[in-house]
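Dropping entry-v1.cif in here (mmCIF, C-alpha atoms and all ligand atoms):
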data_run
#
loop_
_atom_site.label_atom_id
_atom_site.label_comp_id
_atom_site.auth_asym_id
_atom_site.auth_seq_id
_atom_site.Cartn_x
_atom_site.Cartn_y
_atom_site.Cartn_z
CA MET A 118 136.41 75.96 91.27
CA SER A 119 134.15 77.30 94.03
CA GLU A 120 130.54 76.33 93.83
CA THR A 121 128.06 79.20 93.85
CA VAL A 122 125.04 78.84 96.15
CA LEU A 123 123.66 82.37 95.82
CA GLU A 124 124.03 84.96 93.10
CA LEU A 125 122.13 88.21 92.71
CA LYS A 126 122.87 90.56 89.82
CA ASN A 127 121.44 94.04 89.63
CA ALA A 128 118.54 92.82 91.73
CA ALA A 129 115.89 95.04 93.29
CA ILE A 130 114.07 94.06 96.48
CA TYR A 131 110.55 95.34 96.99
CA GLN A 132 107.90 95.22 99.70
CA ARG A 133 104.82 95.45 97.49
CA GLU A 134 105.49 98.53 95.37
CA SER A 135 108.04 100.12 97.76
CA LEU A 136 111.62 99.78 96.63
CA ILE A 137 113.73 98.62 99.59
CA LEU A 138 117.09 97.78 97.95
CA SER A 139 118.36 98.28 94.41
CA GLU A 140 121.35 97.33 92.23
CA VAL A 141 122.08 94.42 94.54
CA ASP A 142 125.04 92.27 93.47
CA VAL A 143 125.81 89.46 95.88
CA HIS A 144 127.75 86.25 95.42
CA ILE A 145 128.03 83.49 98.03
CA ASN A 146 130.09 80.34 97.55
CA LYS A 147 129.67 76.96 99.18
CA GLY A 148 131.32 76.99 102.60
CA ASP A 149 131.15 80.78 103.11
CA PHE A 150 129.98 82.46 106.31
CA VAL A 151 128.55 85.85 105.40
CA TYR A 152 127.02 88.52 107.63
CA LEU A 153 124.28 90.88 106.53
CA ILE A 154 124.25 94.00 108.68
CA GLY A 155 122.51 97.36 108.63
CA LYS A 156 120.40 99.62 110.79
CA THR A 157 116.84 98.68 111.59
CA GLY A 158 114.55 99.14 108.61
CA THR A 159 117.33 99.07 106.00
CA GLY A 160 116.03 95.87 104.43
CA LYS A 161 117.84 92.89 105.94
CA SER A 162 114.66 90.90 106.52
CA SER A 163 113.25 91.89 103.13
CA PHE A 164 116.48 90.65 101.55
CA MET A 165 116.24 87.33 103.42
CA LYS A 166 112.55 86.95 102.56
CA THR A 167 113.33 87.37 98.88
CA LEU A 168 115.87 84.57 99.15
CA TYR A 169 113.44 82.08 100.68
CA GLY A 170 110.61 82.98 98.35
CA ASP A 171 108.47 85.00 100.75
CA LEU A 172 108.86 88.09 98.55
CA PRO A 173 109.07 87.84 94.75
CA LEU A 174 112.21 89.01 92.96
CA GLN A 175 110.73 91.47 90.49
CA GLU A 176 113.87 92.97 88.95
CA GLY A 177 117.36 91.77 88.10
CA GLU A 178 118.74 88.27 88.24
CA GLY A 179 118.80 85.89 91.18
CA SER A 180 119.68 82.27 91.65
CA ILE A 181 119.78 80.39 94.92
CA VAL A 182 120.81 76.76 95.22
CA ASP A 183 119.31 75.47 91.95
CA TYR A 184 116.43 77.90 91.70
CA ASN A 185 115.98 80.98 89.57
CA LEU A 186 114.29 83.54 91.82
CA ARG A 187 112.80 85.40 88.85
CA THR A 188 110.90 82.38 87.60
CA LEU A 189 110.13 80.79 90.98
CA LYS A 190 106.55 79.51 91.11
CA GLU A 191 104.40 79.15 94.22
CA LYS A 192 104.61 75.36 93.88
CA ASP A 193 108.45 75.47 93.85
CA ILE A 194 108.71 77.26 97.20
CA PRO A 195 108.40 74.18 99.48
CA PHE A 196 111.13 72.48 97.42
CA LEU A 197 113.37 75.54 97.56
CA ARG A 198 112.91 75.69 101.33
CA ARG A 199 113.99 72.07 101.67
CA LYS A 200 117.35 73.08 100.23
CA LEU A 201 117.56 76.02 102.63
CA GLY A 202 117.63 75.95 106.40
CA VAL A 203 115.90 79.03 107.76
CA VAL A 204 116.48 80.20 111.34
CA PHE A 205 114.47 83.09 112.80
CA GLN A 206 114.91 85.40 115.77
CA ASP A 207 111.87 83.95 117.55
CA PHE A 208 112.72 80.22 117.13
CA LYS A 209 109.22 79.26 115.87
CA LEU A 210 109.06 75.90 117.67
CA LEU A 211 105.70 74.20 118.20
CA ASN A 212 104.88 74.29 121.91
CA ASP A 213 102.41 71.41 121.80
CA ARG A 214 105.08 68.78 121.15
CA THR A 215 108.51 67.79 122.38
CA ILE A 216 111.78 68.68 120.70
CA ARG A 217 111.83 65.24 119.04
CA GLY A 218 108.20 65.81 118.03
CA ASN A 219 109.08 69.18 116.49
CA LEU A 220 111.84 67.67 114.40
CA GLU A 221 109.78 64.63 113.42
CA PHE A 222 107.00 66.97 112.29
CA VAL A 223 109.39 68.67 109.84
CA LEU A 224 110.78 65.38 108.55
CA LYS A 225 107.30 63.96 107.93
CA ALA A 226 106.21 67.18 106.23
CA THR A 227 109.21 66.89 103.91
CA GLY A 228 108.48 63.32 102.89
CA TRP A 229 110.37 61.16 105.37
CA LYS A 230 108.59 57.89 106.26
CA ASP A 231 111.03 55.46 107.85
CA LYS A 232 110.82 55.80 111.65
CA LYS A 233 114.35 54.48 112.27
CA GLY A 234 115.82 56.81 109.67
CA MET A 235 113.96 59.76 111.21
CA ASP A 236 115.13 58.90 114.71
CA SER A 237 118.75 58.65 113.69
CA LYS A 238 118.58 61.91 111.70
CA ILE A 239 117.03 63.67 114.71
CA ASP A 240 119.77 62.33 117.01
CA GLU A 241 122.42 63.42 114.51
CA VAL A 242 121.22 67.05 114.25
CA LEU A 243 120.57 67.39 118.00
CA ASP A 244 124.06 66.10 118.65
CA LYS A 245 125.50 68.77 116.32
CA VAL A 246 123.96 71.53 118.47
CA GLY A 247 124.62 69.86 121.84
CA MET A 248 120.95 69.11 122.59
CA LYS A 249 120.75 65.33 122.25
CA THR A 250 119.91 64.79 125.92
CA LYS A 251 116.93 67.18 125.84
CA ALA A 252 114.91 65.67 123.01
CA PHE A 253 112.11 64.65 125.40
CA LYS A 254 111.52 68.21 126.66
CA PHE A 255 108.93 70.68 125.43
CA PRO A 256 110.11 73.99 123.95
CA TYR A 257 108.72 75.99 126.91
CA GLN A 258 110.96 73.93 129.23
CA LEU A 259 114.09 75.21 127.47
CA SER A 260 115.99 78.50 127.73
CA GLY A 261 116.05 80.87 124.76
CA GLY A 262 119.55 79.74 123.81
CA GLU A 263 118.52 76.08 123.93
CA GLN A 264 115.42 76.79 121.83
CA GLN A 265 117.60 78.50 119.25
CA ARG A 266 119.96 75.50 119.18
CA VAL A 267 116.95 73.30 118.47
CA ALA A 268 115.85 75.71 115.72
CA ILE A 269 119.33 75.37 114.19
CA ALA A 270 119.06 71.57 114.46
CA ARG A 271 115.70 71.79 112.69
CA ALA A 272 117.31 73.85 109.92
CA LEU A 273 119.91 71.09 109.45
CA LEU A 274 117.40 68.23 109.03
CA ASN A 275 117.37 68.14 105.25
CA ASP A 276 121.12 68.81 104.77
CA PRO A 277 120.55 72.34 103.47
CA GLU A 278 122.82 73.83 100.85
CA LEU A 279 122.47 77.25 102.48
CA ILE A 280 121.38 78.33 105.96
CA LEU A 281 119.62 81.69 106.19
CA ALA A 282 119.65 82.98 109.75
CA ASP A 283 117.66 86.18 110.32
CA GLU A 284 118.81 87.78 113.61
CA PRO A 285 119.32 84.37 115.24
CA THR A 286 120.71 85.98 118.41
CA GLY A 287 118.25 88.88 118.46
CA ASN A 288 116.33 87.55 121.50
CA LEU A 289 119.34 86.29 123.43
CA ASP A 290 121.62 87.83 126.06
CA PRO A 291 125.28 88.44 125.08
CA GLN A 292 126.67 85.25 126.67
CA THR A 293 123.96 83.04 125.14
CA SER A 294 124.46 84.79 121.79
CA VAL A 295 128.11 83.76 121.85
CA GLU A 296 127.12 80.15 122.63
CA VAL A 297 124.66 80.04 119.72
CA MET A 298 127.25 81.69 117.50
CA GLU A 299 129.75 78.96 118.44
CA VAL A 300 127.21 76.41 117.19
CA LEU A 301 126.86 78.29 113.89
CA GLN A 302 130.65 78.54 113.58
CA ASP A 303 131.04 74.78 114.17
CA ILE A 304 128.41 74.01 111.57
CA ASN A 305 130.18 76.31 109.10
CA LYS A 306 133.52 74.62 109.81
CA ASN A 307 131.84 71.32 108.99
CA GLY A 308 130.99 72.62 105.54
CA ASN A 309 127.63 74.38 105.84
CA THR A 310 127.19 77.72 104.10
CA ILE A 311 125.59 80.42 106.25
CA LEU A 312 124.14 83.87 105.60
CA MET A 313 123.34 85.58 108.87
CA ALA A 314 121.53 88.90 109.30
CA THR A 315 122.47 90.59 112.55
CA HIS A 316 122.54 93.80 114.54
CA ASP A 317 125.15 92.40 116.86
CA TYR A 318 128.45 94.12 116.13
CA ALA A 319 130.12 92.40 119.09
CA LEU A 320 129.68 89.07 117.28
CA LEU A 321 131.16 90.49 114.10
CA LEU A 322 134.25 91.60 115.96
CA LYS A 323 134.62 88.30 117.77
CA TYR A 324 134.01 86.15 114.67
CA PRO A 325 135.14 88.24 111.68
CA SER A 326 133.89 87.14 108.28
CA LYS A 327 132.75 88.53 104.96
CA THR A 328 130.21 91.27 105.70
CA LEU A 329 127.50 92.83 103.55
CA LYS A 330 125.84 96.03 104.67
CA CYS A 331 122.41 97.41 103.78
CA ASP A 332 122.44 101.20 103.71
CA GLY A 333 120.76 103.85 101.58
CA GLN A 334 118.83 101.23 99.59
CA LYS A 335 122.06 99.50 98.55
CA VAL A 336 123.98 96.42 99.67
CA PHE A 337 127.76 96.63 99.69
CA GLU A 338 130.61 94.64 101.11
CA VAL A 339 132.36 96.25 104.06
CA VAL A 340 135.92 95.54 105.06
CA GLN A 341 136.23 94.90 108.76
CA LYS A 342 139.09 96.71 110.41
CA LYS A 343 141.48 94.41 112.22
CA GLN A 344 141.41 94.83 115.99
CA THR A 345 144.70 96.16 117.28
CA THR A 346 144.53 94.49 120.73
N1 LIG B 401 105.09 93.71 105.04
C1 LIG B 401 105.57 94.90 104.69
N2 LIG B 401 104.88 95.72 103.86
C2 LIG B 401 105.39 96.92 103.49
N3 LIG B 401 106.57 97.41 103.90
C3 LIG B 401 107.30 96.65 104.72
C4 LIG B 401 106.85 95.35 105.17
N4 LIG B 401 107.79 94.84 105.96
C5 LIG B 401 108.79 95.75 106.03
N5 LIG B 401 108.50 96.83 105.29
C6 LIG B 401 109.37 98.01 105.10
O1 LIG B 401 110.54 97.61 104.45
C7 LIG B 401 111.66 98.32 104.97
C8 LIG B 401 112.73 97.31 105.34
O2 LIG B 401 112.27 96.50 106.42
P1 LIG B 401 113.04 95.20 106.89
O3 LIG B 401 112.19 94.53 107.92
O4 LIG B 401 113.44 94.44 105.71
O5 LIG B 401 114.32 95.85 107.55
P2 LIG B 401 115.38 95.24 108.54
O6 LIG B 401 116.68 95.81 108.15
O7 LIG B 401 115.25 93.76 108.55
O8 LIG B 401 114.92 95.81 109.92
P3 LIG B 401 115.05 95.14 111.38
O9 LIG B 401 116.50 95.13 111.66
O10 LIG B 401 114.28 96.10 112.22
O11 LIG B 401 114.44 93.79 111.30
C9 LIG B 401 111.15 99.15 106.12
O12 LIG B 401 111.01 100.48 105.66
C10 LIG B 401 109.81 98.57 106.45
O13 LIG B 401 108.95 99.56 106.90
#

So that I can check it, write out the structure of this file as structure tokens.
Amino acid sequence: MSETVLELKNAAIYQRESLILSEVDVHINKGDFVYLIGKTGTGKSSFMKTLYGDLPLQEGEGSIVDYNLRTLKEKDIPFLRRKLGVVFQDFKLLNDRTIRGNLEFVLKATGWKDKKGMDSKIDEVLDKVGMKTKAFKFPYQLSGGEQQRVAIARALLNDPELILADEPTGNLDPQTSVEVMEVLQDINKNGNTILMATHDYALLLKYPSKTLKCDGQKVFEVVQKKQTT
């Protein structure tokens, strides 16, 4: 039996009192790679924010990893986020410390204490994204694509049950986007579940997968047409 990591039933997504999406039914199983697409302003980020507890789920049912989004308390949010890896368009690395320092900061903030254990975890995740040799650099010494690889490594630190990537290639050129996408594909092949919001239809064509679309305040699954070439 497939293991469910995300389930929304008849959910409504709000930004304060404005309804952004309604009657949302979404199901994601362990190991899936799912795209979330839609024109600008259709609610992709609002949808993602609801999943990581930045917006409350006010209507319908929602469960993500082991949390019920309807009953999620403020104090649960840091624990929920430890089970999720969140990747943003703008990387959000700390410029005052090295790559290793950035990753160590997250591990310490999530309760890690043993220096050896932290070092080997950091090496492991940097290796997964091809950045092991650059751990001593500062974020501003890296290209956008490299910074995003580090952000993906950071998302992997606590072995997340689901990775939420909100426009992870939004600030990257097409070639670099493909390189970052290859990293996400590899991680997915190794068993990680990924939900990725994107505008980038070229990536969808190159790496077809289950696709959800936000349009007209609804989310529905779209069937990608097979390329004939
Ligand atoms: N903090 C906020 N307060 C109120 N309304 C908001 C807020 N953030 C976004 N919205 C509104 O919610 C709607 C959906 O925005 P959202 O950012 O979720 O869309 P999106 O599909 O992610 O867009 P983009 O692709 O441009 O990031 C928009 O109409 C936007 O104006």

Given 10 Å and all atoms listed in the file, residues near ligand LIG 401 (chain B) as a ChimeraX atom specification: /A:130-138,153-167,172,206,283-284,287,314-316,330-332,334

Save out the residues we just selected, C-alpha atoms, as a short mmCIF file (atom, residue, chain, number, x, y, z; two decimals), in the coordinates of the input.
data_model
loop_
_atom_site.label_atom_id
_atom_site.label_comp_id
_atom_site.auth_asym_id
_atom_site.auth_seq_id
_atom_site.Cartn_x
_atom_site.Cartn_y
_atom_site.Cartn_z
CA ILE A 130 114.07 94.06 96.48
CA TYR A 131 110.55 95.34 96.99
CA GLN A 132 107.90 95.22 99.70
CA ARG A 133 104.82 95.45 97.49
CA GLU A 134 105.49 98.53 95.37
CA SER A 135 108.04 100.12 97.76
CA LEU A 136 111.62 99.78 96.63
CA ILE A 137 113.73 98.62 99.59
CA LEU A 138 117.09 97.78 97.95
CA LEU A 153 124.28 90.88 106.53
CA ILE A 154 124.25 94.00 108.68
CA GLY A 155 122.51 97.36 108.63
CA LYS A 156 120.40 99.62 110.79
CA THR A 157 116.84 98.68 111.59
CA GLY A 158 114.55 99.14 108.61
CA THR A 159 117.33 99.07 106.00
CA GLY A 160 116.03 95.87 104.43
CA LYS A 161 117.84 92.89 105.94
CA SER A 162 114.66 90.90 106.52
CA SER A 163 113.25 91.89 103.13
CA PHE A 164 116.48 90.65 101.55
CA MET A 165 116.24 87.33 103.42
CA LYS A 166 112.55 86.95 102.56
CA THR A 167 113.33 87.37 98.88
CA LEU A 172 108.86 88.09 98.55
CA GLN A 206 114.91 85.40 115.77
CA ASP A 283 117.66 86.18 110.32
CA GLU A 284 118.81 87.78 113.61
CA GLY A 287 118.25 88.88 118.46
CA ALA A 314 121.53 88.90 109.30
CA THR A 315 122.47 90.59 112.55
CA HIS A 316 122.54 93.80 114.54
CA LYS A 330 125.84 96.03 104.67
CA CYS A 331 122.41 97.41 103.78
CA ASP A 332 122.44 101.20 103.71
CA GLN A 334 118.83 101.23 99.59
#

For Leu125 in chain A: contacts at 9 Å, only C-alpha atoms, fewer than 6 positions along chain excluded, given as an MDAnalysis selection string: chainID A and resid 141:144 177:181

Find the spatial neighbours of Val295 in chain A, counting all atoms listed in the file, within a cut-off of 12 Å - ignore same-chain residues fewer than 2 positions away - and output them as a list of chain:residue names. A:Gly262, A:Arg266, A:Pro285, A:Thr286, A:Gly287, A:Leu289, A:Asp290, A:Pro291, A:Gln292, A:Thr293, A:Val297, A:Met298, A:Glu299, A:Val300, A:Leu301, A:Gln302, A:Asp317, A:Tyr318, A:Ala319, A:Leu320, A:Leu321, A:Leu322, A:Lys323, A:Tyr324

Could you dump the residues just selected with C-alpha atoms as a tab-separated table (two decimals), in the coordinates of the input?
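Result file follows (out15.tsv):
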chain	number	residue	atom	x	y	z
A	262	GLY	CA	119.55	79.74	123.81
A	266	ARG	CA	119.96	75.50	119.18
A	285	PRO	CA	119.32	84.37	115.24
A	286	THR	CA	120.71	85.98	118.41
A	287	GLY	CA	118.25	88.88	118.46
A	289	LEU	CA	119.34	86.29	123.43
A	290	ASP	CA	121.62	87.83	126.06
A	291	PRO	CA	125.28	88.44	125.08
A	292	GLN	CA	126.67	85.25	126.67
A	293	THR	CA	123.96	83.04	125.14
A	297	VAL	CA	124.66	80.04	119.72
A	298	MET	CA	127.25	81.69	117.50
A	299	GLU	CA	129.75	78.96	118.44
A	300	VAL	CA	127.21	76.41	117.19
A	301	LEU	CA	126.86	78.29	113.89
A	302	GLN	CA	130.65	78.54	113.58
A	317	ASP	CA	125.15	92.40	116.86
A	318	TYR	CA	128.45	94.12	116.13
A	319	ALA	CA	130.12	92.40	119.09
A	320	LEU	CA	129.68	89.07	117.28
A	321	LEU	CA	131.16	90.49	114.10
A	322	LEU	CA	134.25	91.60	115.96
A	323	LYS	CA	134.62	88.30	117.77
A	324	TYR	CA	134.01	86.15	114.67

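Comparing A:Leu312, A:Leu168, A:Tyr257, A:Lys335 by their smallest distance to Asp213 in chain A, the closest is A:Tyr257 (using all atoms listed in the file).
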
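Atom pair CA of Thr250 in chain A / CA of Leu273 in chain A: separated by 17.6 Å.
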
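Across the structure, CA of Ile145 in chain A and CA of Asn309 in chain A are spaced 12.0 Å apart.
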
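When CA of Ala270 in chain A is paired with CA of Val246 in chain A, their separation reads 6.3 Å.
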
Looking at A:Asp207, A:Glu221, A:Glu338, A:Asp303, which one is nearest to Lys233 in chain A, with distances taken over all atoms listed in the file? A:Glu221

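Closest approach to Lys147 in chain A among A:Leu220, A:Val203, A:Val122, A:Leu197 is made by A:Val122 (distances from all atoms listed in the file).
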
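Close contacts of Val339 in chain A, defined as residues with an atom at most 8 Å away when counting all atoms listed in the file, with chain neighbours fewer than 3 positions off set aside, comprise Lys327, Thr328, Leu329 and Lys330 of chain A.
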
Please dump the current selection as a short mmCIF file (atom, residue, chain, number, x, y, z; two decimals), in the coordinates of the input; keep C-alpha atoms.
data_model
loop_
_atom_site.label_atom_id
_atom_site.label_comp_id
_atom_site.auth_asym_id
_atom_site.auth_seq_id
_atom_site.Cartn_x
_atom_site.Cartn_y
_atom_site.Cartn_z
CA LYS A 327 132.75 88.53 104.96
CA THR A 328 130.21 91.27 105.70
CA LEU A 329 127.50 92.83 103.55
CA LYS A 330 125.84 96.03 104.67
#

At a cut-off of 12 Å, using all atoms listed in the file, what residues contact Lys225 in chain A? Leave out same-chain residues fewer than 2 positions from it and give the result as a PDB file with C-alpha atoms, keeping the file's coordinate frame.
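Output file selection.pdb is given in full below:
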ATOM      1  CA  GLY A 218     108.200  65.810 118.030  1.00  0.00           C
ATOM      2  CA  ASN A 219     109.080  69.180 116.490  1.00  0.00           C
ATOM      3  CA  LEU A 220     111.840  67.670 114.400  1.00  0.00           C
ATOM      4  CA  GLU A 221     109.780  64.630 113.420  1.00  0.00           C
ATOM      5  CA  PHE A 222     107.000  66.970 112.290  1.00  0.00           C
ATOM      6  CA  VAL A 223     109.390  68.670 109.840  1.00  0.00           C
ATOM      7  CA  THR A 227     109.210  66.890 103.910  1.00  0.00           C
ATOM      8  CA  GLY A 228     108.480  63.320 102.890  1.00  0.00           C
ATOM      9  CA  TRP A 229     110.370  61.160 105.370  1.00  0.00           C
ATOM     10  CA  LYS A 230     108.590  57.890 106.260  1.00  0.00           C
ATOM     11  CA  ASP A 231     111.030  55.460 107.850  1.00  0.00           C
ATOM     12  CA  LYS A 232     110.820  55.800 111.650  1.00  0.00           C
ATOM     13  CA  GLY A 234     115.820  56.810 109.670  1.00  0.00           C
ATOM     14  CA  MET A 235     113.960  59.760 111.210  1.00  0.00           C
ATOM     15  CA  ASP A 236     115.130  58.900 114.710  1.00  0.00           C
ATOM     16  CA  ILE A 239     117.030  63.670 114.710  1.00  0.00           C
ATOM     17  CA  LEU A 274     117.400  68.230 109.030  1.00  0.00           C
ATOM     18  CA  ASN A 275     117.370  68.140 105.250  1.00  0.00           C
TER      19      ASN A 275
END
